[in-house]
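Each remark here refers to the structure printed beneath this line.
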Amino acid sequence: MRKLALYVSHREIRVISLLAFVLLGVLSACSDAGLRTTLPAPIPLTDINPDPNIVEVQLVAAPASKEYLPGKAAAVWAYRDGAKPGSVGTVPGPLLQANQGNLIIVHFRNELPVATTIHWHGLRLPGNQDGTPISQTAIPAGGTYEYRFTAVDPGSFWYHPHIEGNEQVEKGLYAPFIVHGGATLNTAADRYLVLDDVKLGGDGKLDEKVDPLDVMLGRPGNVLLVNGMQGGRLEVGSWTQERWRFVNSSNGRYFNLRLPEHEFYIVGWDGGLLPVPYVQDSLLIAPGERYEVLINFEHPPSGRLALQNIYYDRGHNVPDPGPQDLLEVIYGPAGPPPSPLPTVLRKPSTVPFNSKTLVRPFVLKEQEDPAGGAANFSINGQRWPDITPVEAKSGAVEIWEIEANPEMDHPFHLHGMFFQVLSVNGVPPVVPWGWKDTVNVPRGSKLRFAVQLDPPGRWVFHCHILEHAERGMMGELVIR
Ligand code: C2O
Ligand code: CU
């Protein structure tokens with residue numbers, strides 16, 4: 001008992017010093033408020049194929065340099081457009097975009113000093129294109145690989161490595177992916193905002209020391225980034241409506257967004273548009289999740305307006321640092337007024353489950369190290385890669401019940417298919433029938449979702465706090 005108490009207080013001290021660090025980062029962001037630069041939009045990859053039904057790109061992963069803090073270069077790993085002469089790697093990487101139904105061909109070259117793979121997070125594709133170490137052989141340093149799949153579903157996705165993801169994603173390998181299609185929303189702008197955080201030293205370089213608290217919380221950074229930039233500025237047209245797509249690409253931070261005096265009309269989740277939108281003042285985005293929102297910029301704001309990250313209690317007594325600015329939003333000249341939304345954004349459809357549907361339990365646990373070292377994580381008592389795969393027949397419908405340990409939340413991600421959340425602790429969600437591939441399981445609760453297991457392949461499911469996944473919180477689903 002005594003030992004445990006000692007450990008807890010040790011952790012609280014660590015949390016407090018982390019908080020000081022976070023505040024420092026925020027302070028430095030405020031001091032250069034006058035120097036804010038326009039938020040960069042992700043740059044699309046060059047499509048080298050003239051066929052309008054094919055998107056063919058050349059993608060390279062390589063060491064690169066990035067100024068997270070002005071004038072201070074950090075060594076990163078980054079994706080770049082191999083079809084553009086002289087292109088340099090960017091964080092986030094270039095945007096891959098396609099229309100629904102397009103064939104996508106990615107010629108990939110690995111110029112990293114280590115092996116890698118690319119996982120197309122959220123896309124439904126053949127099992128051997130999923131980019132995990134169980135769906136393909138890792139691409140060695142200096143190697144090349146070709147990915148080929150069809151863009152089945154319109155929506156907001158992203159891509160990232162699936163080997164040592166905790167290291168490779170943190171170093172800068174992550175990028176947005178949009179499949180256009182479905183209902184047309186005539187908004188004044190359609191933006192993809194990629195949310196991340198980085199842990200920087202005073203020299204502006206990535207701090208690569210990983211301590212037990214980093215493992216527990218997913219390497220919390222001291223600098224918050226939108227599209228790779230700290231404290232960017234975005235001009236919007238007055239009286240317009242914009243569509244903002246968000247992905248949380250951080251290793252483990254929970255983003256809880258708020259735009260004071262404005263509401264988020266949530267129109268889409270991981271698996272594309274919802275049948276009907278719903279409204280919220282704040283929007284929680286767990287690691288790996290995507291949300292699409294419409295925002296009406298129709299009332300001149302009083303004073304400065306900032307997209308903020310506000311407190312969310314994710315467990316483990318992480319203290320509240322107060323609202324943190326992510327992005328300054330400026331009202332510019334009036335733009336086109338919003339056009340009416342289609343009454344139904346998408347035809348509702350449901351997973352065909354019934355009272356006899358198999359309920360499969362998964363228990364997510366953390367195992368703290370009594371000596372104060374890094375914790376271990378497991379699913380049903382097993383730690384990746386020493387696991388027994390879940391087996392199922394293609395087309396089977398199941399209900400998965402995910403139970404999170406009482407200490408902290410875990411964002412649960414299943415590869416290769418979408419699911420529908422049925423309940424959290426027996427309570428149905430406010431908005432039914434949206435499609436998800438990543439969902440936050442609040443600590444101490446049981447979340448149920450319905451899923452049709454398809455297509456055949458070897459798929460992984462895991463916590464998207466990448467440190468948890470790499471330390472055991474990952475399982476395998478074999479569909480035959
Ligand atoms: Cu975003 Cu298994 O990954
Ligand atoms: Cu986790």
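Going through the structure tokens in order, the chains are called A, B, and so on, while each chain numbers its residues from 1 and the ligands are numbered from 1 in the order shown.
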Near-ligand residues for ligand 1, threshold 10 Å, only C-alpha atoms and all ligand atoms, as a ChimeraX atom specification
/A:118-122,130-132,157-163,165,169,174,248-249,251,287-289,412-416,437-438,459-466,469,474
Contacts of ligand 2, 12 Å or closer, only C-alpha atoms and all ligand atoms, given as a ChimeraX atom specification
/A:215-218,251-254,286-288,314-315,363-367,375-379,402-413,438-443,461-474
What parts of region 92-237 of chain A does DSSP call helix (DSSP H, G or I)? I'd like the answer as number ranges by chain.
A: 127-129, 165-170, 212-217
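If you measure from each of A:Gly272, A:Ser156, A:Gly221, A:Gln241 to Lys209 (chain A) using only C-alpha atoms, the closest one turns out to be A:Gly221.
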I'd like to know which of A:Glu242, A:Glu235, A:Tyr265, A:Ile54 is closest to Leu305 (chain A), using only C-alpha atoms.
A:Glu235
Using only C-alpha atoms, determine which residues lie at most 12 Å from Tyr145 (chain A), disregarding the query and same-chain residues fewer than 4 positions distant; provide the list as a CSV table (one decimal) with N, CA, C and O atoms, in the first residue's frame.
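Once everything was written out, this is around_16.csv:
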chain,number,residue,atom,x,y,z
A,58,GLN,N,3.6,9.4,-56.3
A,58,GLN,CA,4.9,8.9,-55.9
A,58,GLN,C,5.1,9.5,-54.5
A,58,GLN,O,5.1,10.7,-54.4
A,59,LEU,N,5.2,8.6,-53.5
A,59,LEU,CA,5.4,9.1,-52.2
A,59,LEU,C,6.7,8.7,-51.6
A,59,LEU,O,7.1,7.5,-51.8
A,60,VAL,N,7.4,9.6,-50.9
A,60,VAL,CA,8.7,9.3,-50.4
A,60,VAL,C,8.7,9.6,-48.9
A,60,VAL,O,8.1,10.6,-48.5
A,61,ALA,N,9.3,8.7,-48.1
A,61,ALA,CA,9.5,9.0,-46.6
A,61,ALA,C,11.0,9.2,-46.4
A,61,ALA,O,11.7,8.3,-46.9
A,105,ILE,N,-3.1,4.4,-56.8
A,105,ILE,CA,-1.8,3.6,-56.9
A,105,ILE,C,-0.7,4.5,-56.2
A,105,ILE,O,-0.6,5.7,-56.6
A,106,VAL,N,-0.1,4.0,-55.2
A,106,VAL,CA,1.0,4.7,-54.5
A,106,VAL,C,2.3,4.0,-54.7
A,106,VAL,O,2.5,2.9,-54.3
A,107,HIS,N,3.2,4.7,-55.4
A,107,HIS,CA,4.6,4.2,-55.6
A,107,HIS,C,5.4,4.8,-54.4
A,107,HIS,O,5.6,6.0,-54.4
A,108,PHE,N,5.7,3.9,-53.5
A,108,PHE,CA,6.3,4.4,-52.3
A,108,PHE,C,7.8,4.1,-52.2
A,108,PHE,O,8.2,3.0,-52.6
A,109,ARG,N,8.6,5.0,-51.8
A,109,ARG,CA,10.1,4.8,-51.6
A,109,ARG,C,10.4,5.1,-50.2
A,109,ARG,O,10.1,6.2,-49.7
A,110,ASN,N,11.1,4.2,-49.5
A,110,ASN,CA,11.5,4.4,-48.1
A,110,ASN,C,13.0,4.9,-48.1
A,110,ASN,O,13.9,4.1,-48.2
A,111,GLU,N,13.1,6.2,-47.8
A,111,GLU,CA,14.5,6.7,-47.7
A,111,GLU,C,14.8,6.9,-46.2
A,111,GLU,O,15.8,7.6,-45.9
A,115,ALA,N,13.0,0.4,-41.3
A,115,ALA,CA,11.9,-0.2,-42.1
A,115,ALA,C,10.6,0.5,-41.7
A,115,ALA,O,10.5,1.1,-40.6
A,116,THR,N,9.7,0.5,-42.7
A,116,THR,CA,8.4,1.2,-42.4
A,116,THR,C,7.3,0.5,-43.2
A,116,THR,O,7.5,-0.4,-44.0
A,117,THR,N,6.0,1.0,-43.0
A,117,THR,CA,4.9,0.6,-43.8
A,117,THR,C,4.0,1.8,-43.8
A,117,THR,O,4.2,2.7,-43.0
A,118,ILE,N,3.0,1.8,-44.7
A,118,ILE,CA,1.9,2.8,-44.6
A,118,ILE,C,0.6,2.2,-44.4
A,118,ILE,O,0.1,1.3,-45.1
A,129,GLN,N,-3.5,-4.7,-48.4
A,129,GLN,CA,-3.1,-3.3,-48.6
A,129,GLN,C,-3.1,-2.4,-47.4
A,129,GLN,O,-3.0,-1.2,-47.4
A,131,GLY,N,-1.2,-2.2,-44.8
A,131,GLY,CA,0.0,-1.6,-44.3
A,131,GLY,C,0.4,-1.8,-42.9
A,131,GLY,O,1.0,-1.0,-42.2
A,136,GLN,N,1.6,-7.3,-44.5
A,136,GLN,CA,2.7,-7.2,-45.6
A,136,GLN,C,4.0,-7.4,-44.9
A,136,GLN,O,4.1,-7.3,-43.7
A,137,THR,N,5.1,-7.5,-45.7
A,137,THR,CA,6.4,-7.5,-45.2
A,137,THR,C,6.8,-6.1,-45.0
A,137,THR,O,6.5,-5.3,-45.9
A,138,ALA,N,7.4,-5.7,-44.0
A,138,ALA,CA,7.9,-4.3,-43.8
A,138,ALA,C,8.8,-3.9,-44.9
A,138,ALA,O,9.6,-4.7,-45.5
A,139,ILE,N,8.7,-2.6,-45.3
A,139,ILE,CA,9.5,-2.1,-46.4
A,139,ILE,C,10.9,-1.7,-45.8
A,139,ILE,O,10.9,-0.7,-45.0
A,140,PRO,N,12.0,-2.3,-46.2
A,140,PRO,CA,13.3,-2.0,-45.5
A,140,PRO,C,13.8,-0.7,-45.9
A,140,PRO,O,13.3,-0.1,-46.9
A,141,ALA,N,14.7,-0.1,-45.2
A,141,ALA,CA,15.4,1.1,-45.5
A,141,ALA,C,15.9,1.0,-47.0
A,141,ALA,O,16.5,0.0,-47.3
Atom pair CA of Pro92 (chain A) / CA of Asp207 (chain A): separation (Å):
18.2 Å
Nearest to Ala183 (chain A) by atom-to-atom distance, counting only C-alpha atoms, from A:Val198, A:Ala64, A:Val276, A:Leu69:
A:Val276
May I have the residues within 8 Å of region 85-90 of chain A as a ChimeraX atom specification, using only C-alpha atoms and disregarding those fewer than 3 positions away in the same chain?
/A:61-66,77-82,93-94
Mind listing the strand (DSSP E) residues of region 419-452 of chain A, per DSSP on the backbone, as a ChimeraX atom specification?
/A:419-424,438-441,446-452
Kindly save the residues from that selection, with N, CA and C atoms included, as an mmCIF file, in the first residue's frame.
data_model
loop_
_atom_site.group_PDB
_atom_site.id
_atom_site.type_symbol
_atom_site.label_atom_id
_atom_site.label_comp_id
_atom_site.auth_asym_id
_atom_site.auth_seq_id
_atom_site.Cartn_x
_atom_site.Cartn_y
_atom_site.Cartn_z
ATOM 1 N N PHE A 419 -17.755 0.623 -37.783
ATOM 2 C CA PHE A 419 -18.726 0.071 -36.840
ATOM 3 C C PHE A 419 -19.672 1.167 -36.393
ATOM 4 N N GLN A 420 -20.752 0.743 -35.705
ATOM 5 C CA GLN A 420 -21.721 1.692 -35.162
ATOM 6 C C GLN A 420 -21.832 1.509 -33.660
ATOM 7 N N VAL A 421 -21.652 2.604 -32.932
ATOM 8 C CA VAL A 421 -21.693 2.530 -31.477
ATOM 9 C C VAL A 421 -23.146 2.332 -31.038
ATOM 10 N N LEU A 422 -23.356 1.333 -30.159
ATOM 11 C CA LEU A 422 -24.709 1.027 -29.673
ATOM 12 C C LEU A 422 -24.968 1.637 -28.311
ATOM 13 N N SER A 423 -23.936 1.625 -27.458
ATOM 14 C CA SER A 423 -24.159 2.121 -26.093
ATOM 15 C C SER A 423 -22.838 2.313 -25.364
ATOM 16 N N VAL A 424 -22.887 3.170 -24.352
ATOM 17 C CA VAL A 424 -21.792 3.288 -23.385
ATOM 18 C C VAL A 424 -22.430 3.063 -22.018
ATOM 19 N N THR A 438 -12.662 4.501 -35.046
ATOM 20 C CA THR A 438 -11.913 4.770 -33.825
ATOM 21 C C THR A 438 -12.892 5.407 -32.856
ATOM 22 N N VAL A 439 -12.928 4.923 -31.625
ATOM 23 C CA VAL A 439 -13.886 5.485 -30.681
ATOM 24 C C VAL A 439 -13.257 5.554 -29.297
ATOM 25 N N ASN A 440 -13.528 6.641 -28.588
ATOM 26 C CA ASN A 440 -12.987 6.751 -27.248
ATOM 27 C C ASN A 440 -13.805 5.920 -26.269
ATOM 28 N N VAL A 441 -13.135 5.068 -25.516
ATOM 29 C CA VAL A 441 -13.810 4.292 -24.476
ATOM 30 C C VAL A 441 -13.472 4.947 -23.140
ATOM 31 N N LYS A 446 -18.070 0.445 -20.264
ATOM 32 C CA LYS A 446 -18.201 -0.592 -21.289
ATOM 33 C C LYS A 446 -18.894 0.020 -22.488
ATOM 34 N N LEU A 447 -18.224 -0.017 -23.600
ATOM 35 C CA LEU A 447 -18.800 0.534 -24.828
ATOM 36 C C LEU A 447 -19.086 -0.622 -25.771
ATOM 37 N N ARG A 448 -20.286 -0.603 -26.366
ATOM 38 C CA ARG A 448 -20.638 -1.653 -27.322
ATOM 39 C C ARG A 448 -20.790 -1.077 -28.707
ATOM 40 N N PHE A 449 -20.233 -1.778 -29.694
ATOM 41 C CA PHE A 449 -20.513 -1.400 -31.078
ATOM 42 C C PHE A 449 -20.849 -2.631 -31.899
ATOM 43 N N ALA A 450 -21.628 -2.395 -32.960
ATOM 44 C CA ALA A 450 -22.000 -3.464 -33.883
ATOM 45 C C ALA A 450 -21.139 -3.340 -35.125
ATOM 46 N N VAL A 451 -20.692 -4.485 -35.621
ATOM 47 C CA VAL A 451 -19.800 -4.461 -36.784
ATOM 48 C C VAL A 451 -20.055 -5.689 -37.656
ATOM 49 N N GLN A 452 -19.995 -5.466 -38.951
ATOM 50 C CA GLN A 452 -20.028 -6.589 -39.891
ATOM 51 C C GLN A 452 -18.597 -6.865 -40.306
#
CA of Arg258 (chain A) to CA of His299 (chain A), distance in Å rounded to a single decimal
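Straight-line distance from CA of Arg258 (chain A) to CA of His299 (chain A) works out to 16.1 Å.
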Name the residues in contact with Val223 (chain A) at a cut-off of 7 Å, using only C-alpha atoms, excluding same-chain residues fewer than 2 positions from it; report them as number ranges by chain.
A: 25, 197-199, 221, 225, 230
Selected residues, C-alpha atoms, written as an mmCIF file, in the first residue's frame, please.
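Written out: selection19.cif:
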data_model
loop_
_atom_site.group_PDB
_atom_site.id
_atom_site.type_symbol
_atom_site.label_atom_id
_atom_site.label_comp_id
_atom_site.auth_asym_id
_atom_site.auth_seq_id
_atom_site.Cartn_x
_atom_site.Cartn_y
_atom_site.Cartn_z
ATOM 1 C CA GLY A 25 4.934 26.444 -24.383
ATOM 2 C CA ASP A 197 1.465 18.091 -30.324
ATOM 3 C CA VAL A 198 5.221 17.777 -30.040
ATOM 4 C CA LYS A 199 7.567 17.617 -27.107
ATOM 5 C CA GLY A 221 3.874 17.603 -26.054
ATOM 6 C CA LEU A 225 0.161 22.191 -33.702
ATOM 7 C CA GLN A 230 2.019 26.581 -33.600
#
Looking at only C-alpha atoms, which of A:Val226, A:Ile479, A:Leu213, A:Leu259 is the one that sits closest to Pro323 (chain A)?
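Result for the nearest residue to Pro323 (chain A): A:Leu259.
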For Lys205 (chain A), list every protein, DNA or RNA residue within 8 Å, evaluated using only C-alpha atoms, and leave out those in the same chain fewer than 6 positions away; present the list as a PDB file with N, CA and C atoms, in the first residue's frame.
ATOM      1  N   LYS A  72      14.532  27.728 -35.453  1.00  0.00           N
ATOM      2  CA  LYS A  72      15.181  26.592 -34.792  1.00  0.00           C
ATOM      3  C   LYS A  72      14.802  25.301 -35.511  1.00  0.00           C
ATOM      4  N   ALA A  73      15.719  24.763 -36.268  1.00  0.00           N
ATOM      5  CA  ALA A  73      15.408  23.583 -37.064  1.00  0.00           C
ATOM      6  C   ALA A  73      15.422  22.322 -36.207  1.00  0.00           C
ATOM      7  N   ALA A  74      14.465  21.450 -36.446  1.00  0.00           N
ATOM      8  CA  ALA A  74      14.410  20.146 -35.789  1.00  0.00           C
ATOM      9  C   ALA A  74      14.564  19.065 -36.849  1.00  0.00           C
ATOM     10  N   ALA A  75      15.266  17.996 -36.501  1.00  0.00           N
ATOM     11  CA  ALA A  75      15.371  16.852 -37.415  1.00  0.00           C
ATOM     12  C   ALA A  75      14.092  16.037 -37.300  1.00  0.00           C
TER      13      ALA A  75
END
Interatomic distance between CA of Leu45 (chain A) and CA of Arg124 (chain A)?
20.8 Å
Rank nothing, just name the residue among A:Asp51, A:Asp270, A:Glu170, A:Glu56 nearest to Asp153 (chain A), using only C-alpha atoms.
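Residue with the minimum atom-to-atom distance to Asp153 (chain A): A:Asp270.
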